[in-house]
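In what follows, a structure is listed as structure tokens, so that the remarks can point back to it.
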Amino acid sequence: MNKPLVGAFLAALLLGAGVAPAVAAEPAGSASEVSVEAAPQTKYTAPAAKAVTFAGTVALSNCSGSVVRSPDSAPTDPALVLSNGHCMESGFPGPGEVVVDQPSSRTFTLLNASGSGVGTLRASKIAYGTMTDTDLSLYELTSTYQQIEDSYGIQALELETAHPTAGTAITVASGYWKRTYSCDIDGFVHQLKEGRWTWKDSVRYTPECRTIGGTSGSPVIDDATGKVVAVNNTGNESGQECTDNNPCEVDENGEVTVREGINYAQQTYNMVPCIGAGSTIDLTREGCALPRP
């Protein structure tokens, strides 16, 4: 996995040595928390597609993430933050484990287009989290989409509803490092195995996206549409086969392929049907295929 991080000094040392860092400190927000107040119901209008920036991304204490919305989200719905399951403060969920509606007061530093921290957002709960079949977490915030936009002028990133295609130009935007990685979707992996975990239909990047520790949870953004198509989560660091930090690809016939230096993400279109009114995660909704507890 693109390891979660926990101590700034060692991270700087490792970066200086050209090694993917294993630890780093929590970035500090520069503005106060968003207050929870009633906001008028207005129609949400998505912005026109623009060059990918950091607007809407967030920095976690150990990972990256983004404020995201489904196409049907209302401005008064509680906002959601997308990251990885392995970035949750409760630790890595085991194979087959699914976390739902777990109280959380975790904070996130919201970034503007240039990558500057403009405020602190707070979770009310982990709405969903797992490392089974996929590697994602969704935090429900104490703030609505409208409150965030009114306070900071920043809109949530919209989730794509369709399966991405190979050859699509993408940008991985890391709020933790305030750094972007640009490449294409090289293809899709039937099963991606790493240690105890197995992920399905994973996105494989072309070699240009050389993501590092701390980029875990970064949104993978379609350059043409500006929509989120996946969440960055891992890469093969040293050419080992199916070990921690060295995922391997397994095809439909069980053949194993190792691609040293190649990085991966988990698709997000399949979670959109699970997001109901009020940002509720309902695993029984039609079309929702996320693993259940």
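Chains: A, B, ... in order of the structure tokens. Residues: from 1 per chain. Ligands: from 1, in order shown.
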Per residue of region 89-163 of chain A within 9 Å of region 208-222 of chain A, what are the shortest atom pair and its distance in Å to one decimal, counting only C-alpha atoms, with rows by chain and residue number, as CSV?
```
residue,atom,partner,partner_atom,distance
A:Asp135,CA,A:Gly217,CA,8.8
A:Leu136,CA,A:Gly217,CA,7.6
A:Ser137,CA,A:Gly217,CA,8.5
A:Leu157,CA,A:Pro219,CA,8.9
A:Glu160,CA,A:Asp222,CA,8.8
```
Would you mind listing, for every residue of region 38-129 of chain A within 8 Å of region 144-151 of chain A, the two atoms forming the shortest contact and the distance between them in Å to one decimal, using only C-alpha atoms, sorted by chain and ascending residue number, as CSV?
```
residue,atom,partner,partner_atom,distance
A:Ala39,CA,A:Gln146,CA,6.8
A:Ala74,CA,A:Tyr145,CA,7.8
A:Pro75,CA,A:Gln146,CA,4.8
A:Thr76,CA,A:Thr144,CA,5.4
A:Asp77,CA,A:Thr144,CA,5.3
A:Pro78,CA,A:Thr144,CA,4.1
A:Ala79,CA,A:Thr144,CA,4.9
```
Mind checking which residues fall within 8 Å of region 172-176 of chain A, counting only C-alpha atoms, ignoring those fewer than 2 positions away in the same chain, and posting them as a VMD selection string?
chain A and resid 27 53 to 54 57 to 60 62 to 66 111 115 170 178 to 182 209 214 to 221 232
List the neighbours of Ala156 (chain A) out to 6 Å using only C-alpha atoms; skip same-chain residues closer than 5 positions along the sequence, and give me the result as a PyMOL selection string.
chain A and resi 56+67-68
For those residues, write all heavy atoms to a file as a short mmCIF file (atom, residue, chain, number, x, y, z; two decimals), in the first residue's frame.
```cif
data_model
loop_
_atom_site.label_atom_id
_atom_site.label_comp_id
_atom_site.auth_asym_id
_atom_site.auth_seq_id
_atom_site.Cartn_x
_atom_site.Cartn_y
_atom_site.Cartn_z
N GLY A 56 -10.68 21.04 -3.23
CA GLY A 56 -11.54 19.94 -2.82
C GLY A 56 -10.78 18.76 -2.26
O GLY A 56 -11.39 17.84 -1.69
N VAL A 67 -13.01 15.77 -0.70
CA VAL A 67 -14.45 15.94 -0.46
C VAL A 67 -15.17 15.56 -1.75
O VAL A 67 -14.87 16.13 -2.81
CB VAL A 67 -14.78 17.40 -0.07
CG1 VAL A 67 -16.27 17.55 0.22
CG2 VAL A 67 -13.95 17.82 1.15
N VAL A 68 -16.08 14.60 -1.67
CA VAL A 68 -16.73 14.09 -2.88
C VAL A 68 -18.25 14.10 -2.73
O VAL A 68 -18.79 14.11 -1.62
CB VAL A 68 -16.27 12.65 -3.20
CG1 VAL A 68 -14.79 12.62 -3.53
CG2 VAL A 68 -16.60 11.69 -2.06
#
```
Just the residues within 8 Å of region 193-205 of chain A, please, counting only C-alpha atoms, with nothing from its chain fewer than 5 positions along; format it as a PyMOL selection string.
chain A and resi 1+94-95+131-135+183-188+230+242-250+262-267
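Proximity ranking of A:Thr280, A:Asn112, A:Ser124, A:Thr268 relative to Ala162 (chain A) places A:Thr268 first, based on only C-alpha atoms.
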Taking the chain letters and numbering used in this document, name the residues of region 127-242 of chain A that DSSP puts in strand (DSSP E or B), as a PDB file with N, CA, C and O atoms, in the first residue's frame.
```
ATOM      1  N   ALA A 127     -18.631   6.604   7.750  1.00  0.00           N
ATOM      2  CA  ALA A 127     -19.868   6.069   7.201  1.00  0.00           C
ATOM      3  C   ALA A 127     -19.660   4.679   6.621  1.00  0.00           C
ATOM      4  O   ALA A 127     -20.546   3.812   6.711  1.00  0.00           O
ATOM      5  N   TYR A 128     -18.460   4.467   6.026  1.00  0.00           N
ATOM      6  CA  TYR A 128     -18.163   3.171   5.425  1.00  0.00           C
ATOM      7  C   TYR A 128     -16.656   3.016   5.294  1.00  0.00           C
ATOM      8  O   TYR A 128     -15.944   3.973   4.992  1.00  0.00           O
ATOM      9  N   GLY A 129     -16.183   1.795   5.517  1.00  0.00           N
ATOM     10  CA  GLY A 129     -14.771   1.522   5.318  1.00  0.00           C
ATOM     11  C   GLY A 129     -14.517   0.040   5.173  1.00  0.00           C
ATOM     12  O   GLY A 129     -15.108  -0.778   5.876  1.00  0.00           O
ATOM     13  N   THR A 130     -13.632  -0.329   4.263  1.00  0.00           N
ATOM     14  CA  THR A 130     -13.284  -1.733   4.066  1.00  0.00           C
ATOM     15  C   THR A 130     -11.998  -1.837   3.267  1.00  0.00           C
ATOM     16  O   THR A 130     -11.583  -0.880   2.587  1.00  0.00           O
ATOM     17  N   ASP A 133     -12.319  -6.478  -1.389  1.00  0.00           N
ATOM     18  CA  ASP A 133     -12.712  -6.221  -2.779  1.00  0.00           C
ATOM     19  C   ASP A 133     -12.263  -4.843  -3.258  1.00  0.00           C
ATOM     20  O   ASP A 133     -12.034  -4.632  -4.450  1.00  0.00           O
ATOM     21  N   LEU A 136     -11.367   1.442   0.481  1.00  0.00           N
ATOM     22  CA  LEU A 136     -11.915   2.791   0.568  1.00  0.00           C
ATOM     23  C   LEU A 136     -12.524   3.064   1.922  1.00  0.00           C
ATOM     24  O   LEU A 136     -12.936   2.158   2.650  1.00  0.00           O
ATOM     25  N   SER A 137     -12.566   4.339   2.254  1.00  0.00           N
ATOM     26  CA  SER A 137     -13.304   4.826   3.420  1.00  0.00           C
ATOM     27  C   SER A 137     -14.068   6.071   3.014  1.00  0.00           C
ATOM     28  O   SER A 137     -13.608   6.846   2.174  1.00  0.00           O
ATOM     29  N   LEU A 138     -15.243   6.232   3.588  1.00  0.00           N
ATOM     30  CA  LEU A 138     -16.068   7.418   3.407  1.00  0.00           C
ATOM     31  C   LEU A 138     -16.410   7.972   4.788  1.00  0.00           C
ATOM     32  O   LEU A 138     -17.036   7.284   5.603  1.00  0.00           O
ATOM     33  N   TYR A 139     -15.959   9.186   5.047  1.00  0.00           N
ATOM     34  CA  TYR A 139     -16.281   9.876   6.295  1.00  0.00           C
ATOM     35  C   TYR A 139     -17.432  10.845   6.057  1.00  0.00           C
ATOM     36  O   TYR A 139     -17.410  11.602   5.079  1.00  0.00           O
ATOM     37  N   GLU A 140     -18.407  10.830   6.940  1.00  0.00           N
ATOM     38  CA  GLU A 140     -19.449  11.853   6.900  1.00  0.00           C
ATOM     39  C   GLU A 140     -19.010  13.017   7.783  1.00  0.00           C
ATOM     40  O   GLU A 140     -18.565  12.825   8.914  1.00  0.00           O
ATOM     41  N   LEU A 141     -19.127  14.242   7.263  1.00  0.00           N
ATOM     42  CA  LEU A 141     -18.653  15.423   7.979  1.00  0.00           C
ATOM     43  C   LEU A 141     -19.776  16.086   8.766  1.00  0.00           C
ATOM     44  O   LEU A 141     -20.964  15.850   8.535  1.00  0.00           O
ATOM     45  N   THR A 142     -19.384  16.976   9.683  1.00  0.00           N
ATOM     46  CA  THR A 142     -20.353  17.773  10.423  1.00  0.00           C
ATOM     47  C   THR A 142     -20.826  18.969   9.612  1.00  0.00           C
ATOM     48  O   THR A 142     -21.732  19.685  10.035  1.00  0.00           O
ATOM     49  N   SER A 143     -20.224  19.194   8.454  1.00  0.00           N
ATOM     50  CA  SER A 143     -20.557  20.316   7.585  1.00  0.00           C
ATOM     51  C   SER A 143     -21.253  19.822   6.328  1.00  0.00           C
ATOM     52  O   SER A 143     -20.989  18.716   5.846  1.00  0.00           O
ATOM     53  N   THR A 144     -22.120  20.642   5.780  1.00  0.00           N
ATOM     54  CA  THR A 144     -22.771  20.313   4.512  1.00  0.00           C
ATOM     55  C   THR A 144     -21.927  20.821   3.348  1.00  0.00           C
ATOM     56  O   THR A 144     -21.011  21.632   3.521  1.00  0.00           O
ATOM     57  N   LEU A 157     -15.666  17.440  -5.250  1.00  0.00           N
ATOM     58  CA  LEU A 157     -15.397  16.757  -6.504  1.00  0.00           C
ATOM     59  C   LEU A 157     -16.525  15.757  -6.773  1.00  0.00           C
ATOM     60  O   LEU A 157     -16.978  15.060  -5.867  1.00  0.00           O
ATOM     61  N   GLU A 158     -16.963  15.683  -8.019  1.00  0.00           N
ATOM     62  CA  GLU A 158     -18.066  14.782  -8.347  1.00  0.00           C
ATOM     63  C   GLU A 158     -17.541  13.397  -8.705  1.00  0.00           C
ATOM     64  O   GLU A 158     -16.530  13.254  -9.399  1.00  0.00           O
ATOM     65  N   LEU A 159     -18.243  12.378  -8.242  1.00  0.00           N
ATOM     66  CA  LEU A 159     -17.895  10.998  -8.539  1.00  0.00           C
ATOM     67  C   LEU A 159     -18.455  10.592  -9.896  1.00  0.00           C
ATOM     68  O   LEU A 159     -19.630  10.811 -10.181  1.00  0.00           O
ATOM     69  N   ALA A 169      -6.582   9.855 -19.699  1.00  0.00           N
ATOM     70  CA  ALA A 169      -5.587  10.684 -19.018  1.00  0.00           C
ATOM     71  C   ALA A 169      -6.102  11.040 -17.633  1.00  0.00           C
ATOM     72  O   ALA A 169      -7.227  11.518 -17.481  1.00  0.00           O
ATOM     73  N   ILE A 170      -5.286  10.818 -16.616  1.00  0.00           N
ATOM     74  CA  ILE A 170      -5.708  11.023 -15.233  1.00  0.00           C
ATOM     75  C   ILE A 170      -4.665  11.819 -14.452  1.00  0.00           C
ATOM     76  O   ILE A 170      -3.495  11.888 -14.842  1.00  0.00           O
ATOM     77  N   THR A 171      -5.119  12.380 -13.333  1.00  0.00           N
ATOM     78  CA  THR A 171      -4.227  13.035 -12.382  1.00  0.00           C
ATOM     79  C   THR A 171      -4.536  12.513 -10.991  1.00  0.00           C
ATOM     80  O   THR A 171      -5.692  12.473 -10.577  1.00  0.00           O
ATOM     81  N   VAL A 172      -3.498  12.084 -10.287  1.00  0.00           N
ATOM     82  CA  VAL A 172      -3.612  11.697  -8.880  1.00  0.00           C
ATOM     83  C   VAL A 172      -3.206  12.920  -8.064  1.00  0.00           C
ATOM     84  O   VAL A 172      -2.065  13.389  -8.164  1.00  0.00           O
ATOM     85  N   ALA A 173      -4.149  13.459  -7.279  1.00  0.00           N
ATOM     86  CA  ALA A 173      -3.902  14.713  -6.548  1.00  0.00           C
ATOM     87  C   ALA A 173      -3.773  14.433  -5.056  1.00  0.00           C
ATOM     88  O   ALA A 173      -4.763  14.152  -4.375  1.00  0.00           O
ATOM     89  N   SER A 174      -2.561  14.500  -4.543  1.00  0.00           N
ATOM     90  CA  SER A 174      -2.299  14.196  -3.133  1.00  0.00           C
ATOM     91  C   SER A 174      -2.400  15.446  -2.272  1.00  0.00           C
ATOM     92  O   SER A 174      -1.566  16.352  -2.359  1.00  0.00           O
ATOM     93  N   ARG A 179       0.932  17.521  -4.051  1.00  0.00           N
ATOM     94  CA  ARG A 179       1.678  17.110  -5.230  1.00  0.00           C
ATOM     95  C   ARG A 179       0.752  16.311  -6.142  1.00  0.00           C
ATOM     96  O   ARG A 179      -0.094  15.557  -5.660  1.00  0.00           O
ATOM     97  N   THR A 180       0.901  16.497  -7.449  1.00  0.00           N
ATOM     98  CA  THR A 180       0.087  15.753  -8.403  1.00  0.00           C
ATOM     99  C   THR A 180       0.959  14.832  -9.250  1.00  0.00           C
ATOM    100  O   THR A 180       2.149  15.090  -9.446  1.00  0.00           O
ATOM    101  N   TYR A 181       0.322  13.769  -9.748  1.00  0.00           N
ATOM    102  CA  TYR A 181       0.984  12.786 -10.604  1.00  0.00           C
ATOM    103  C   TYR A 181       0.097  12.602 -11.828  1.00  0.00           C
ATOM    104  O   TYR A 181      -1.092  12.290 -11.680  1.00  0.00           O
ATOM    105  N   SER A 182       0.649  12.765 -13.007  1.00  0.00           N
ATOM    106  CA  SER A 182      -0.139  12.667 -14.237  1.00  0.00           C
ATOM    107  C   SER A 182       0.314  11.475 -15.075  1.00  0.00           C
ATOM    108  O   SER A 182       1.521  11.268 -15.276  1.00  0.00           O
ATOM    109  N   CYS A 183      -0.654  10.702 -15.556  1.00  0.00           N
ATOM    110  CA  CYS A 183      -0.372   9.539 -16.394  1.00  0.00           C
ATOM    111  C   CYS A 183      -1.674   9.110 -17.057  1.00  0.00           C
ATOM    112  O   CYS A 183      -2.628   9.895 -17.109  1.00  0.00           O
ATOM    113  N   ASP A 184      -1.726   7.883 -17.552  1.00  0.00           N
ATOM    114  CA  ASP A 184      -2.946   7.328 -18.142  1.00  0.00           C
ATOM    115  C   ASP A 184      -3.360   6.069 -17.398  1.00  0.00           C
ATOM    116  O   ASP A 184      -2.542   5.455 -16.691  1.00  0.00           O
ATOM    117  N   ILE A 185      -4.611   5.680 -17.561  1.00  0.00           N
ATOM    118  CA  ILE A 185      -5.040   4.366 -17.097  1.00  0.00           C
ATOM    119  C   ILE A 185      -4.480   3.341 -18.080  1.00  0.00           C
ATOM    120  O   ILE A 185      -4.814   3.359 -19.261  1.00  0.00           O
ATOM    121  N   ASP A 186      -3.625   2.475 -17.586  1.00  0.00           N
ATOM    122  CA  ASP A 186      -2.991   1.478 -18.449  1.00  0.00           C
ATOM    123  C   ASP A 186      -3.919   0.292 -18.701  1.00  0.00           C
ATOM    124  O   ASP A 186      -3.885  -0.312 -19.771  1.00  0.00           O
ATOM    125  N   GLY A 187      -4.734  -0.036 -17.704  1.00  0.00           N
ATOM    126  CA  GLY A 187      -5.647  -1.163 -17.835  1.00  0.00           C
ATOM    127  C   GLY A 187      -6.270  -1.495 -16.495  1.00  0.00           C
ATOM    128  O   GLY A 187      -6.180  -0.714 -15.540  1.00  0.00           O
ATOM    129  N   PHE A 188      -6.872  -2.675 -16.419  1.00  0.00           N
ATOM    130  CA  PHE A 188      -7.600  -3.094 -15.222  1.00  0.00           C
ATOM    131  C   PHE A 188      -7.158  -4.492 -14.822  1.00  0.00           C
ATOM    132  O   PHE A 188      -6.835  -5.327 -15.672  1.00  0.00           O
ATOM    133  N   VAL A 189      -7.135  -4.726 -13.512  1.00  0.00           N
ATOM    134  CA  VAL A 189      -6.605  -5.968 -12.962  1.00  0.00           C
ATOM    135  C   VAL A 189      -7.755  -6.793 -12.388  1.00  0.00           C
ATOM    136  O   VAL A 189      -8.496  -6.312 -11.521  1.00  0.00           O
ATOM    137  N   HIS A 190      -7.883  -8.030 -12.864  1.00  0.00           N
ATOM    138  CA  HIS A 190      -8.953  -8.913 -12.384  1.00  0.00           C
ATOM    139  C   HIS A 190      -8.923  -9.021 -10.865  1.00  0.00           C
ATOM    140  O   HIS A 190      -9.929  -8.765 -10.196  1.00  0.00           O
ATOM    141  N   GLN A 191      -7.787  -9.407 -10.321  1.00  0.00           N
ATOM    142  CA  GLN A 191      -7.586  -9.420  -8.871  1.00  0.00           C
ATOM    143  C   GLN A 191      -6.199  -8.871  -8.565  1.00  0.00           C
ATOM    144  O   GLN A 191      -5.212  -9.250  -9.206  1.00  0.00           O
ATOM    145  N   LEU A 192      -6.146  -7.977  -7.594  1.00  0.00           N
ATOM    146  CA  LEU A 192      -4.882  -7.437  -7.120  1.00  0.00           C
ATOM    147  C   LEU A 192      -4.693  -7.943  -5.697  1.00  0.00           C
ATOM    148  O   LEU A 192      -5.512  -7.656  -4.823  1.00  0.00           O
ATOM    149  N   LYS A 193      -3.640  -8.722  -5.471  1.00  0.00           N
ATOM    150  CA  LYS A 193      -3.416  -9.327  -4.150  1.00  0.00           C
ATOM    151  C   LYS A 193      -2.224  -8.674  -3.475  1.00  0.00           C
ATOM    152  O   LYS A 193      -1.154  -8.526  -4.073  1.00  0.00           O
ATOM    153  N   GLU A 194      -2.420  -8.299  -2.214  1.00  0.00           N
ATOM    154  CA  GLU A 194      -1.337  -7.713  -1.418  1.00  0.00           C
ATOM    155  C   GLU A 194      -1.461  -8.234   0.005  1.00  0.00           C
ATOM    156  O   GLU A 194      -2.414  -7.907   0.718  1.00  0.00           O
ATOM    157  N   TRP A 197      -4.891  -9.178   1.641  1.00  0.00           N
ATOM    158  CA  TRP A 197      -6.043  -8.541   1.005  1.00  0.00           C
ATOM    159  C   TRP A 197      -6.099  -8.813  -0.496  1.00  0.00           C
ATOM    160  O   TRP A 197      -5.072  -8.961  -1.160  1.00  0.00           O
ATOM    161  N   THR A 198      -7.319  -8.847  -1.007  1.00  0.00           N
ATOM    162  CA  THR A 198      -7.549  -9.009  -2.443  1.00  0.00           C
ATOM    163  C   THR A 198      -8.530  -7.954  -2.901  1.00  0.00           C
ATOM    164  O   THR A 198      -9.600  -7.778  -2.294  1.00  0.00           O
ATOM    165  N   TRP A 199      -8.173  -7.229  -3.975  1.00  0.00           N
ATOM    166  CA  TRP A 199      -9.029  -6.187  -4.538  1.00  0.00           C
ATOM    167  C   TRP A 199      -9.406  -6.559  -5.963  1.00  0.00           C
ATOM    168  O   TRP A 199      -8.622  -7.192  -6.678  1.00  0.00           O
ATOM    169  N   LYS A 200     -10.588  -6.169  -6.380  1.00  0.00           N
ATOM    170  CA  LYS A 200     -11.126  -6.587  -7.670  1.00  0.00           C
ATOM    171  C   LYS A 200     -11.210  -5.427  -8.661  1.00  0.00           C
ATOM    172  O   LYS A 200     -11.576  -4.315  -8.282  1.00  0.00           O
ATOM    173  N   ASP A 201     -10.915  -5.722  -9.923  1.00  0.00           N
ATOM    174  CA  ASP A 201     -11.051  -4.750 -11.013  1.00  0.00           C
ATOM    175  C   ASP A 201     -10.317  -3.447 -10.698  1.00  0.00           C
ATOM    176  O   ASP A 201     -10.848  -2.354 -10.861  1.00  0.00           O
ATOM    177  N   SER A 202      -9.088  -3.587 -10.244  1.00  0.00           N
ATOM    178  CA  SER A 202      -8.285  -2.426  -9.866  1.00  0.00           C
ATOM    179  C   SER A 202      -7.774  -1.678 -11.099  1.00  0.00           C
ATOM    180  O   SER A 202      -7.596  -2.255 -12.175  1.00  0.00           O
ATOM    181  N   VAL A 203      -7.531  -0.400 -10.926  1.00  0.00           N
ATOM    182  CA  VAL A 203      -6.952   0.439 -11.979  1.00  0.00           C
ATOM    183  C   VAL A 203      -5.432   0.332 -11.910  1.00  0.00           C
ATOM    184  O   VAL A 203      -4.831   0.507 -10.843  1.00  0.00           O
ATOM    185  N   ARG A 204      -4.810   0.050 -13.051  1.00  0.00           N
ATOM    186  CA  ARG A 204      -3.351   0.067 -13.149  1.00  0.00           C
ATOM    187  C   ARG A 204      -2.927   1.317 -13.913  1.00  0.00           C
ATOM    188  O   ARG A 204      -3.448   1.613 -14.981  1.00  0.00           O
ATOM    189  N   TYR A 205      -1.976   2.073 -13.342  1.00  0.00           N
ATOM    190  CA  TYR A 205      -1.467   3.275 -13.993  1.00  0.00           C
ATOM    191  C   TYR A 205      -0.361   2.935 -14.994  1.00  0.00           C
ATOM    192  O   TYR A 205       0.336   1.930 -14.860  1.00  0.00           O
ATOM    193  N   PRO A 219      -7.626  11.310  -4.645  1.00  0.00           N
ATOM    194  CA  PRO A 219      -8.566  11.094  -5.737  1.00  0.00           C
ATOM    195  C   PRO A 219      -7.823  10.926  -7.059  1.00  0.00           C
ATOM    196  O   PRO A 219      -6.819  11.601  -7.306  1.00  0.00           O
ATOM    197  N   VAL A 220      -8.311  10.025  -7.881  1.00  0.00           N
ATOM    198  CA  VAL A 220      -7.803   9.849  -9.241  1.00  0.00           C
ATOM    199  C   VAL A 220      -8.806  10.535 -10.156  1.00  0.00           C
ATOM    200  O   VAL A 220      -9.968  10.114 -10.248  1.00  0.00           O
ATOM    201  N   ILE A 221      -8.400  11.595 -10.809  1.00  0.00           N
ATOM    202  CA  ILE A 221      -9.316  12.492 -11.508  1.00  0.00           C
ATOM    203  C   ILE A 221      -9.145  12.367 -13.017  1.00  0.00           C
ATOM    204  O   ILE A 221      -8.025  12.414 -13.533  1.00  0.00           O
ATOM    205  N   ASP A 222     -10.248  12.189 -13.710  1.00  0.00           N
ATOM    206  CA  ASP A 222     -10.262  12.175 -15.172  1.00  0.00           C
ATOM    207  C   ASP A 222      -9.955  13.595 -15.653  1.00  0.00           C
ATOM    208  O   ASP A 222     -10.697  14.543 -15.359  1.00  0.00           O
ATOM    209  N   VAL A 228     -14.006  12.238 -10.295  1.00  0.00           N
ATOM    210  CA  VAL A 228     -13.213  11.218  -9.615  1.00  0.00           C
ATOM    211  C   VAL A 228     -13.600   9.844 -10.149  1.00  0.00           C
ATOM    212  O   VAL A 228     -14.770   9.463 -10.131  1.00  0.00           O
ATOM    213  N   VAL A 229     -12.613   9.101 -10.638  1.00  0.00           N
ATOM    214  CA  VAL A 229     -12.871   7.770 -11.188  1.00  0.00           C
ATOM    215  C   VAL A 229     -12.289   6.661 -10.319  1.00  0.00           C
ATOM    216  O   VAL A 229     -12.620   5.484 -10.511  1.00  0.00           O
ATOM    217  N   ALA A 230     -11.428   7.003  -9.366  1.00  0.00           N
ATOM    218  CA  ALA A 230     -10.801   5.990  -8.522  1.00  0.00           C
ATOM    219  C   ALA A 230     -10.149   6.660  -7.321  1.00  0.00           C
ATOM    220  O   ALA A 230     -10.069   7.897  -7.247  1.00  0.00           O
ATOM    221  N   VAL A 231      -9.689   5.813  -6.394  1.00  0.00           N
ATOM    222  CA  VAL A 231      -8.958   6.305  -5.230  1.00  0.00           C
ATOM    223  C   VAL A 231      -7.618   5.557  -5.182  1.00  0.00           C
ATOM    224  O   VAL A 231      -7.561   4.333  -5.197  1.00  0.00           O
ATOM    225  N   ASN A 232      -6.531   6.329  -5.172  1.00  0.00           N
ATOM    226  CA  ASN A 232      -5.177   5.772  -5.189  1.00  0.00           C
ATOM    227  C   ASN A 232      -4.924   4.940  -3.934  1.00  0.00           C
ATOM    228  O   ASN A 232      -5.288   5.347  -2.827  1.00  0.00           O
ATOM    229  N   ASN A 233      -4.278   3.741  -4.102  1.00  0.00           N
ATOM    230  CA  ASN A 233      -4.068   2.972  -2.868  1.00  0.00           C
ATOM    231  C   ASN A 233      -2.784   2.171  -2.741  1.00  0.00           C
ATOM    232  O   ASN A 233      -2.385   1.864  -1.618  1.00  0.00           O
ATOM    233  N   THR A 234      -2.088   1.800  -3.817  1.00  0.00           N
ATOM    234  CA  THR A 234      -0.940   0.933  -3.593  1.00  0.00           C
ATOM    235  C   THR A 234      -0.002   0.909  -4.787  1.00  0.00           C
ATOM    236  O   THR A 234      -0.294   1.483  -5.846  1.00  0.00           O
ATOM    237  N   GLY A 235       1.129   0.208  -4.615  1.00  0.00           N
ATOM    238  CA  GLY A 235       2.085   0.030  -5.690  1.00  0.00           C
ATOM    239  C   GLY A 235       3.107  -1.022  -5.308  1.00  0.00           C
ATOM    240  O   GLY A 235       3.353  -1.280  -4.124  1.00  0.00           O
TER     241      GLY A 235
END
```
Selection near Ala51 (chain A), 9 Å with only C-alpha atoms, sequence-local residues under 3 positions removed, as an mmCIF file with N, CA and C atoms, in the first residue's frame:
```cif
data_model
loop_
_atom_site.group_PDB
_atom_site.id
_atom_site.type_symbol
_atom_site.label_atom_id
_atom_site.label_comp_id
_atom_site.auth_asym_id
_atom_site.auth_seq_id
_atom_site.Cartn_x
_atom_site.Cartn_y
_atom_site.Cartn_z
ATOM 1 N N ASP A 223 -8.871 13.759 -16.390
ATOM 2 C CA ASP A 223 -8.452 15.098 -16.807
ATOM 3 C C ASP A 223 -9.501 15.787 -17.682
ATOM 4 N N ALA A 224 -10.254 15.019 -18.466
ATOM 5 C CA ALA A 224 -11.217 15.608 -19.395
ATOM 6 C C ALA A 224 -12.488 16.068 -18.705
ATOM 7 N N GLY A 226 -12.924 16.148 -15.058
ATOM 8 C CA GLY A 226 -12.737 16.660 -13.712
ATOM 9 C C GLY A 226 -13.396 15.804 -12.646
#
```
Pick out each residue of region 25-202 of chain A that DSSP on the backbone tags as helix (DSSP H, G or I); I need them as a ChimeraX atom specification.
/A:85-87,145-152
Need to verify the contact set: Asn270 (chain A), 9 Å, only C-alpha atoms, exclusion of same-chain residues closer than 4 positions in sequence. Can you return it as an NGL selection string?
:A and (161-163 or 274 or 287-290)
Residues just named, written with N, CA, C and O atoms as a PDB file, in the first residue's frame:
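As a result, part_28.pdb now contains:
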```
ATOM      1  N   THR A 161     -19.985   8.080 -12.579  1.00  0.00           N
ATOM      2  CA  THR A 161     -20.934   6.982 -12.390  1.00  0.00           C
ATOM      3  C   THR A 161     -20.671   5.800 -13.312  1.00  0.00           C
ATOM      4  O   THR A 161     -21.321   4.759 -13.178  1.00  0.00           O
ATOM      5  N   ALA A 162     -19.736   5.932 -14.253  1.00  0.00           N
ATOM      6  CA  ALA A 162     -19.468   4.867 -15.219  1.00  0.00           C
ATOM      7  C   ALA A 162     -18.065   4.305 -15.043  1.00  0.00           C
ATOM      8  O   ALA A 162     -17.150   4.994 -14.569  1.00  0.00           O
ATOM      9  N   HIS A 163     -17.893   3.060 -15.422  1.00  0.00           N
ATOM     10  CA  HIS A 163     -16.588   2.399 -15.396  1.00  0.00           C
ATOM     11  C   HIS A 163     -15.618   3.191 -16.285  1.00  0.00           C
ATOM     12  O   HIS A 163     -15.945   3.518 -17.418  1.00  0.00           O
ATOM     13  N   CYS A 274     -24.618   3.420  -3.819  1.00  0.00           N
ATOM     14  CA  CYS A 274     -24.774   3.169  -2.383  1.00  0.00           C
ATOM     15  C   CYS A 274     -25.039   4.450  -1.592  1.00  0.00           C
ATOM     16  O   CYS A 274     -25.353   4.388  -0.397  1.00  0.00           O
ATOM     17  N   GLY A 287     -28.233  -1.514  -7.217  1.00  0.00           N
ATOM     18  CA  GLY A 287     -26.981  -1.208  -7.891  1.00  0.00           C
ATOM     19  C   GLY A 287     -25.780  -1.125  -6.968  1.00  0.00           C
ATOM     20  O   GLY A 287     -24.644  -1.065  -7.434  1.00  0.00           O
ATOM     21  N   CYS A 288     -26.006  -1.094  -5.654  1.00  0.00           N
ATOM     22  CA  CYS A 288     -24.894  -1.012  -4.711  1.00  0.00           C
ATOM     23  C   CYS A 288     -24.224  -2.371  -4.592  1.00  0.00           C
ATOM     24  O   CYS A 288     -24.866  -3.356  -4.207  1.00  0.00           O
ATOM     25  N   ALA A 289     -22.945  -2.418  -4.926  1.00  0.00           N
ATOM     26  CA  ALA A 289     -22.225  -3.686  -4.914  1.00  0.00           C
ATOM     27  C   ALA A 289     -21.078  -3.697  -3.911  1.00  0.00           C
ATOM     28  O   ALA A 289     -20.239  -4.604  -3.929  1.00  0.00           O
ATOM     29  N   LEU A 290     -21.024  -2.701  -3.021  1.00  0.00           N
ATOM     30  CA  LEU A 290     -19.970  -2.696  -2.017  1.00  0.00           C
ATOM     31  C   LEU A 290     -20.172  -3.862  -1.042  1.00  0.00           C
ATOM     32  O   LEU A 290     -21.306  -4.260  -0.755  1.00  0.00           O
TER      33      LEU A 290
END
```
When you draw a straight line from CA of Ala123 (chain A) to CA of Gly96 (chain A), how long is it in Å?
24.4 Å
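Taking CA of Pro71 (chain A) and CA of Thr225 (chain A) as the two end points, the separation is 13.2 Å.
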Atom-to-atom span, CA of Gln102 (chain A) and CA of Lys3 (chain A), Å:
22.6 Å
